[in-house]
file start-v9.pdb (PDB, C-alpha atoms and all ligand atoms)
ATOM      1  CA  MET Y 963     153.256-170.301 -76.517
ATOM      2  CA  ARG Y 964     154.712-167.345 -78.319
ATOM      3  CA  ASN Y 965     152.322-167.744 -81.196
ATOM      4  CA  LEU Y 966     149.442-167.997 -78.821
ATOM      5  CA  GLY Y 967     150.434-164.756 -77.121
ATOM      6  CA  ARG Y 968     150.708-162.988 -80.426
ATOM      7  CA  GLY Y 969     147.279-164.255 -81.385
ATOM      8  CA  VAL Y 970     145.782-162.790 -78.258
ATOM      9  CA  ILE Y 971     147.383-159.415 -78.900
ATOM     10  CA  VAL Y 972     146.143-159.326 -82.488
ATOM     11  CA  GLY Y 973     142.715-160.360 -81.290
ATOM     12  CA  LEU Y 974     142.621-157.553 -78.743
ATOM     13  CA  ALA Y 975     143.719-155.028 -81.326
ATOM     14  CA  MET Y 976     140.918-156.115 -83.596
ATOM     15  CA  VAL Y 977     138.353-155.859 -80.843
ATOM     16  CA  THR Y 978     139.572-152.341 -80.104
ATOM     17  CA  ALA Y 979     139.490-151.358 -83.758
ATOM     18  CA  CYS Y 980     136.106-152.870 -84.441
ATOM     19  CA  GLY Y 981     134.564-152.022 -81.096
ATOM     20  CA  GLY Y 982     132.109-149.788 -82.874
ATOM     21  CA  GLY Y 983     129.487-147.632 -81.328
ATOM     22  CA  ALA Y 984     129.373-148.940 -77.821
ATOM     23  CA  LYS Y 985     133.077-148.588 -77.227
ATOM     24  CA  ASN Y 986     133.225-145.122 -78.734
ATOM     25  CA  ALA Y 987     130.211-144.165 -76.708
ATOM     26  CA  ASP Y 988     131.936-145.209 -73.497
ATOM     27  CA  THR Y 989     135.035-143.261 -74.383
ATOM     28  CA  ALA Y 990     133.083-140.185 -75.346
ATOM     29  CA  THR Y 991     130.950-140.302 -72.240
ATOM     30  CA  THR Y 992     133.961-140.655 -70.009
ATOM     31  CA  GLY Y 993     135.702-137.803 -71.762
ATOM     32  CA  ALA Y 994     132.679-135.579 -71.480
ATOM     33  CA  ALA Y 995     132.008-136.500 -67.894
ATOM     34  CA  ALA Y 996     135.325-135.260 -66.559
ATOM     35  CA  PRO Y 997     134.840-131.490 -66.850
ATOM     36  CA  PRO Y 998     131.332-131.040 -65.344
ATOM     37  CA  ALA Y 999     132.682-130.476 -61.849
ATOM     38  CA  GLY Y1000     134.007-127.116 -62.907
ATOM     39  CA  ALA Y1001     131.068-126.449 -65.176
ATOM     40  CA  SER Y1002     128.411-127.048 -62.565
ATOM     41  CA  ALA Y1003     130.338-125.064 -59.991
ATOM     42  CA  ALA Y1004     130.359-122.187 -62.453
ATOM     43  CA  ALA Y1005     126.679-122.677 -63.185
ATOM     44  CA  GLY Y1006     125.899-122.575 -59.509
ATOM     45  CA  THR Y1007     127.612-119.211 -59.127
ATOM     46  CA  GLY Y1008     125.648-117.535 -61.878
ATOM     47  CA  ALA Y1009     122.091-117.033 -60.714
ATOM     48  CA  ALA Y1010     121.030-115.951 -64.196
ATOM     49  CA  ALA Y1011     122.302-119.176 -65.693
ATOM     50  CA  GLY Y1012     118.947-120.868 -65.621
ATOM     51  CA  THR Y1013     116.617-122.435 -63.161
ATOM     52  CA  GLY Y1014     116.630-125.913 -64.626
ATOM     53  CA  ALA Y1015     113.285-125.370 -66.373
ATOM     54  CA  ALA Y1016     113.242-125.644 -70.147
ATOM     55  CA  GLN Y1017     112.755-122.408 -72.051
ATOM     56  CA  ALA Y1018     110.869-122.566 -75.331
ATOM     57  CA  ALA Y1019     112.403-121.066 -78.438
ATOM     58  CA  THR Y1020     111.067-117.684 -79.473
ATOM     59  CA  GLY Y1021     112.928-117.275 -82.771
ATOM     60  CA  GLN Y1022     113.782-119.151 -85.907
ATOM     61  CA  THR Y1023     114.378-122.901 -86.116
ATOM     62  CA  HIS Y1024     117.508-123.889 -88.035
ATOM     63  CA  GLU Y1025     118.010-127.320 -89.533
ATOM     64  CA  VAL Y1026     121.153-129.456 -89.362
ATOM     65  CA  LYS Y1027     121.302-132.737 -91.248
ATOM     66  CA  MET Y1028     122.916-135.807 -89.712
ATOM     67  CA  VAL Y1029     124.588-137.655 -92.566
ATOM     68  CA  GLY Y1030     126.598-140.852 -92.802
ATOM     69  CA  ASP Y1031     127.527-142.402 -96.121
ATOM     70  CA  ALA Y1032     130.467-143.477 -98.255
ATOM     71  CA  ASN Y1033     131.851-139.935 -97.977
ATOM     72  CA  GLY Y1034     131.938-139.991 -94.192
ATOM     73  CA  TYR Y1035     129.921-138.897 -91.187
ATOM     74  CA  LYS Y1036     128.987-135.281 -90.680
ATOM     75  CA  TYR Y1037     126.561-132.629 -89.554
ATOM     76  CA  ASP Y1038     125.477-130.403 -92.414
ATOM     77  CA  PRO Y1039     126.093-127.555 -91.848
ATOM     78  CA  ALA Y1040     128.810-128.383 -89.324
ATOM     79  CA  ASN Y1041     129.074-124.740 -88.267
ATOM     80  CA  LEU Y1042     125.946-122.748 -87.669
ATOM     81  CA  THR Y1043     125.388-119.260 -86.284
ATOM     82  CA  ILE Y1044     122.076-118.502 -84.608
ATOM     83  CA  LYS Y1045     120.553-115.895 -82.322
ATOM     84  CA  ARG Y1046     119.644-116.419 -78.678
ATOM     85  CA  GLY Y1047     116.120-117.737 -78.566
ATOM     86  CA  ASP Y1048     116.426-119.630 -81.834
ATOM     87  CA  ALA Y1049     116.207-123.408 -81.998
ATOM     88  CA  VAL Y1050     118.199-126.014 -83.877
ATOM     89  CA  ARG Y1051     116.534-129.076 -85.301
ATOM     90  CA  TRP Y1052     118.796-132.017 -86.146
ATOM     91  CA  VAL Y1053     117.330-134.329 -88.772
ATOM     92  CA  LEU Y1054     118.576-137.835 -89.483
ATOM     93  CA  VAL Y1055     119.303-138.217 -93.198
ATOM     94  CA  SER Y1056     121.481-141.337 -93.393
ATOM     95  CA  GLY Y1057     123.998-143.587 -91.648
ATOM     96  CA  PRO Y1058     122.467-143.931 -88.170
ATOM     97  CA  PRO Y1059     122.714-144.144 -85.269
ATOM     98  CA  HIS Y1060     123.438-140.462 -84.630
ATOM     99  CA  ASN Y1061     122.948-138.123 -81.709
ATOM    100  CA  VAL Y1062     123.943-134.714 -80.365
ATOM    101  CA  SER Y1063     126.267-134.448 -77.377
ATOM    102  CA  PHE Y1064     127.841-131.222 -76.123
ATOM    103  CA  TRP Y1065     131.319-131.093 -74.658
ATOM    104  CA  THR Y1066     130.796-129.694 -71.192
ATOM    105  CA  ASP Y1067     134.108-127.867 -71.362
ATOM    106  CA  SER Y1068     133.442-126.431 -74.846
ATOM    107  CA  ILE Y1069     130.290-124.451 -74.170
ATOM    108  CA  PRO Y1070     130.095-121.016 -72.512
ATOM    109  CA  ALA Y1071     130.503-120.747 -68.758
ATOM    110  CA  ASN Y1072     127.153-121.088 -66.983
ATOM    111  CA  ALA Y1073     125.530-122.611 -70.075
ATOM    112  CA  ALA Y1074     125.260-126.207 -68.905
ATOM    113  CA  THR Y1075     122.230-125.911 -66.619
ATOM    114  CA  GLN Y1076     119.919-124.176 -69.074
ATOM    115  CA  LEU Y1077     121.176-126.072 -72.121
ATOM    116  CA  GLY Y1078     120.635-129.317 -70.255
ATOM    117  CA  ALA Y1079     117.133-128.247 -69.296
ATOM    118  CA  ASN Y1080     116.402-127.388 -72.939
ATOM    119  CA  MET Y1081     117.466-130.840 -74.185
ATOM    120  CA  PRO Y1082     114.550-133.309 -74.299
ATOM    121  CA  ASN Y1083     115.089-136.863 -72.998
ATOM    122  CA  PRO Y1084     118.835-136.701 -72.398
ATOM    123  CA  MET Y1085     120.661-140.030 -72.426
ATOM    124  CA  SER Y1086     123.273-138.521 -70.096
ATOM    125  CA  PRO Y1087     124.117-134.901 -69.229
ATOM    126  CA  LEU Y1088     124.087-132.710 -72.376
ATOM    127  CA  THR Y1089     123.684-135.822 -74.544
ATOM    128  CA  SER Y1090     120.618-136.557 -76.657
ATOM    129  CA  PRO Y1091     119.264-140.059 -77.163
ATOM    130  CA  LEU Y1092     120.522-142.093 -80.123
ATOM    131  CA  PHE Y1093     118.427-141.816 -83.270
ATOM    132  CA  ASN Y1094     118.084-144.723 -85.653
ATOM    133  CA  ASN Y1095     115.430-143.775 -88.183
ATOM    134  CA  VAL Y1096     115.601-141.614 -91.286
ATOM    135  CA  ASN Y1097     113.695-138.348 -90.806
ATOM    136  CA  GLU Y1098     113.804-138.672 -87.041
ATOM    137  CA  SER Y1099     114.606-135.270 -85.578
ATOM    138  CA  TYR Y1100     115.679-133.641 -82.346
ATOM    139  CA  THR Y1101     115.174-129.989 -81.507
ATOM    140  CA  ILE Y1102     117.018-127.963 -78.908
ATOM    141  CA  SER Y1103     115.920-124.484 -77.910
ATOM    142  CA  PHE Y1104     118.740-122.010 -77.397
ATOM    143  CA  ALA Y1105     116.533-119.728 -75.322
ATOM    144  CA  GLY Y1106     117.937-118.582 -72.010
ATOM    145  CA  VAL Y1107     121.460-119.770 -72.726
ATOM    146  CA  PRO Y1108     124.484-117.451 -72.846
ATOM    147  CA  ALA Y1109     125.885-116.263 -76.151
ATOM    148  CA  GLY Y1110     129.023-118.022 -77.295
ATOM    149  CA  THR Y1111     130.317-121.143 -78.957
ATOM    150  CA  TYR Y1112     128.784-124.551 -78.331
ATOM    151  CA  LYS Y1113     130.790-127.499 -79.602
ATOM    152  CA  TYR Y1114     129.143-130.881 -79.946
ATOM    153  CA  PHE Y1115     129.654-134.294 -81.444
ATOM    154  CA  CYS Y1116     127.905-137.506 -82.400
ATOM    155  CA  THR Y1117     128.684-140.132 -79.785
ATOM    156  CA  PRO Y1118     128.879-143.111 -82.200
ATOM    157  CA  HIS Y1119     130.857-141.196 -84.823
ATOM    158  CA  LEU Y1120     133.173-138.910 -82.873
ATOM    159  CA  ALA Y1121     136.128-141.028 -83.981
ATOM    160  CA  MET Y1122     135.020-140.462 -87.582
ATOM    161  CA  GLY Y1123     135.044-136.707 -87.063
ATOM    162  CA  MET Y1124     131.300-136.138 -86.783
ATOM    163  CA  ARG Y1125     131.230-132.895 -84.845
ATOM    164  CA  GLY Y1126     129.741-129.452 -85.107
ATOM    165  CA  THR Y1127     129.628-125.964 -83.653
ATOM    166  CA  ILE Y1128     126.662-123.759 -82.835
ATOM    167  CA  THR Y1129     127.554-120.111 -82.361
ATOM    168  CA  VAL Y1130     124.886-118.278 -80.375
ATOM    169  CA  GLN Y1131     124.898-114.501 -80.889
TER
HETATM  170 CU    CU Y1201     126.653-139.996 -86.127
END
call {"tool": "encode", "arguments": {"input": "start-v9.pdb", "output": "C-alpha cells"}}
result
Amino acid sequence: MRNLGRGVIVGLAMVTACGGGAKNADTATTGAAAPPAGASAAAGTGAAAGTGAAQAATGQTHEVKMVGDANGYKYDPANLTIKRGDAVRWVLVSGPPHNVSFWTDSIPANAATQLGANMPNPMSPLTSPLFNNVNESYTISFAGVPAGTYKYFCTPHLAMGMRGTITVQ
C-alpha cells in the first residue's frame, strides 16, 4: 500500500514535469487573465485609449526571431525599442510552437484595448495564435497605443524563459 502510494506521487510529479505545452499554456492563460479587470477599467476611463478598431502601422517594421534549439528558447532580440506607429513582425525560425502573449499587467495603462485591436486573430485576449511552421510570421502594429514598456512571453515556453520587451517611444 505504501509503495503504491509512492508510485502515484512519483507519477503525478512526472505528469506535472512533462506536462508540456498544454499545461504551461493553461497556467500562463490563468496568470494573464487575472489582471484584466483593472486593465479594462483603466481602458474604459481613457477615451483616447482606442476605439477597438485596428490601426495600421505608419512607420518601420521591426523583426523579432522566435528561436528554440539546443541553446534554449528565446526572442531575438528579446528587447526592442520602437516608435509609436511602428510595427513588429515576429518570425518563426526554429523550435515551434511559439506565440506572442502580452502580460495585461505589464503594458502601459490604457494600452490593452488598442493593442488587442491591433493583434490579428487572437487566441485569447492579448495572445496571438500558436505558430508551428518555420518562416511563419505575425505582425502587430503599435499605432495608436501609448508609449511605454510592453512585456510579453511565449505561452508554450514561458517556463523556459522565452519572453521579451517592446519599448514604445
Ligand atoms: Cu516559444
call {"tool": "closest_residue", "arguments": {"input": "start-v9.pdb", "among": "Y:Leu1054, Y:Ile1102, Y:Val1096, Y:Leu1042", "to": "ligand CU 1201 (chain Y)", "atoms": "only C-alpha atoms and all ligand atoms"}}
result
Y:Leu1054
call {"tool": "residues_around", "arguments": {"input": "start-v9.pdb", "residues": "Y:Gln1076", "least_positions_apart": "3", "cutoff": "6 Å", "atoms": "all atoms listed in the file", "output": "list in words"}}
result
Gly1012, Gly1014, Ala1073, Ala1079 and Val1107 of chain Y
call {"tool": "closest_residue", "arguments": {"input": "start-v9.pdb", "among": "Y:Ala1018, Y:Val1053, Y:Ala1040, Y:Ala1109", "to": "Y:Phe1093", "atoms": "only C-alpha atoms"}}
result
Y:Val1053
call {"tool": "resolve_selection", "arguments": {"input": "start-v9.pdb", "expression": "the PyMOL selection byres (((not hetatm)) within 6 of (chain Y and resi 1201))", "output": "PyMOL selection string"}}
result
chain Y and resi 1059-1060+1116+1118-1119
call {"tool": "write_last_selection", "arguments": {"input": "start-v9.pdb", "atoms": "C-alpha atoms", "output": "PDB file, in the frame of the given file"}}
result
ATOM      1  CA  PRO Y1059     122.714-144.144 -85.269  1.00  0.00           C
ATOM      2  CA  HIS Y1060     123.438-140.462 -84.630  1.00  0.00           C
ATOM      3  CA  CYS Y1116     127.905-137.506 -82.400  1.00  0.00           C
ATOM      4  CA  PRO Y1118     128.879-143.111 -82.200  1.00  0.00           C
ATOM      5  CA  HIS Y1119     130.857-141.196 -84.823  1.00  0.00           C
TER       6      HIS Y1119
END
call {"tool": "resolve_selection", "arguments": {"input": "start-v9.pdb", "expression": "the PyMOL selection byres (((chain Y and resi 1091) around 12) and not hetatm)", "output": "compact mmCIF listing (two decimals) with C-alpha atoms, in the frame of the given file"}}
result
# COMPACT_ATOMS: atom_id res chain seq x y z
CA ALA Y 987 130.21 -144.16 -76.71
CA PRO Y 1059 122.71 -144.14 -85.27
CA HIS Y 1060 123.44 -140.46 -84.63
CA ASN Y 1061 122.95 -138.12 -81.71
CA VAL Y 1062 123.94 -134.71 -80.36
CA SER Y 1063 126.27 -134.45 -77.38
CA MET Y 1081 117.47 -130.84 -74.18
CA PRO Y 1082 114.55 -133.31 -74.30
CA ASN Y 1083 115.09 -136.86 -73.00
CA PRO Y 1084 118.84 -136.70 -72.40
CA MET Y 1085 120.66 -140.03 -72.43
CA SER Y 1086 123.27 -138.52 -70.10
CA PRO Y 1087 124.12 -134.90 -69.23
CA LEU Y 1088 124.09 -132.71 -72.38
CA THR Y 1089 123.68 -135.82 -74.54
CA SER Y 1090 120.62 -136.56 -76.66
CA LEU Y 1092 120.52 -142.09 -80.12
CA PHE Y 1093 118.43 -141.82 -83.27
CA ASN Y 1094 118.08 -144.72 -85.65
CA GLU Y 1098 113.80 -138.67 -87.04
CA SER Y 1099 114.61 -135.27 -85.58
CA TYR Y 1100 115.68 -133.64 -82.35
CA THR Y 1101 115.17 -129.99 -81.51
CA CYS Y 1116 127.90 -137.51 -82.40
CA THR Y 1117 128.68 -140.13 -79.78
CA PRO Y 1118 128.88 -143.11 -82.20
call {"tool": "residues_near_point", "arguments": {"input": "start-v9.pdb", "point": "(120.8, -124.2, -82.6)", "cutoff": "9 Å", "atoms": "all atoms listed in the file", "output": "MDAnalysis selection string"}}
result
chainID Y and resid 1023:1026 1042:1052 1101:1104 1128:1130
call {"tool": "atom_distance", "arguments": {"input": "start-v9.pdb", "atom1": "atom CA of Y:Val1055", "atom2": "atom CA of Y:Met1124"}}
result
13.8 Å
call {"tool": "residues_around", "arguments": {"input": "start-v9.pdb", "residues": "Y:Gly1123", "least_positions_apart": "3", "cutoff": "12 Å", "atoms": "only C-alpha atoms", "output": "ChimeraX atom specification"}}
result
/Y:986,1029-1030,1033-1037,1040,1114-1120,1126
call {"tool": "closest_residue", "arguments": {"input": "start-v9.pdb", "among": "Y:Thr1127, Y:Gln1017, Y:Thr1111, Y:Asn1095", "to": "Y:Pro1058", "atoms": "all atoms listed in the file"}}
result
Y:Asn1095
call {"tool": "closest_residue", "arguments": {"input": "start-v9.pdb", "among": "Y:Arg1125, Y:Gln1131, Y:Pro1039, Y:Ala1016", "to": "Y:Pro1070", "atoms": "only C-alpha atoms"}}
result
Y:Gln1131
call {"tool": "atom_distance", "arguments": {"input": "start-v9.pdb", "atom1": "atom CA of Y:Gly1057", "atom2": "atom CA of Y:Asp1031"}}
result
5.8 Å
call {"tool": "closest_residue", "arguments": {"input": "start-v9.pdb", "among": "Y:Ala1032, Y:Gly1110, Y:Ala1105, Y:Asn1097", "to": "Y:Ala1071", "atoms": "all atoms listed in the file"}}
result
Y:Gly1110
call {"tool": "closest_residue", "arguments": {"input": "start-v9.pdb", "among": "Y:Gly1106, Y:Ser1068, Y:Ser1056, Y:Met1122", "to": "Y:Thr1020", "atoms": "all atoms listed in the file"}}
result
Y:Gly1106
call {"tool": "atom_distance", "arguments": {"input": "start-v9.pdb", "atom1": "atom CA of Y:Asn1041", "atom2": "atom CA of Y:Ala1121"}}
result
18.3 Å
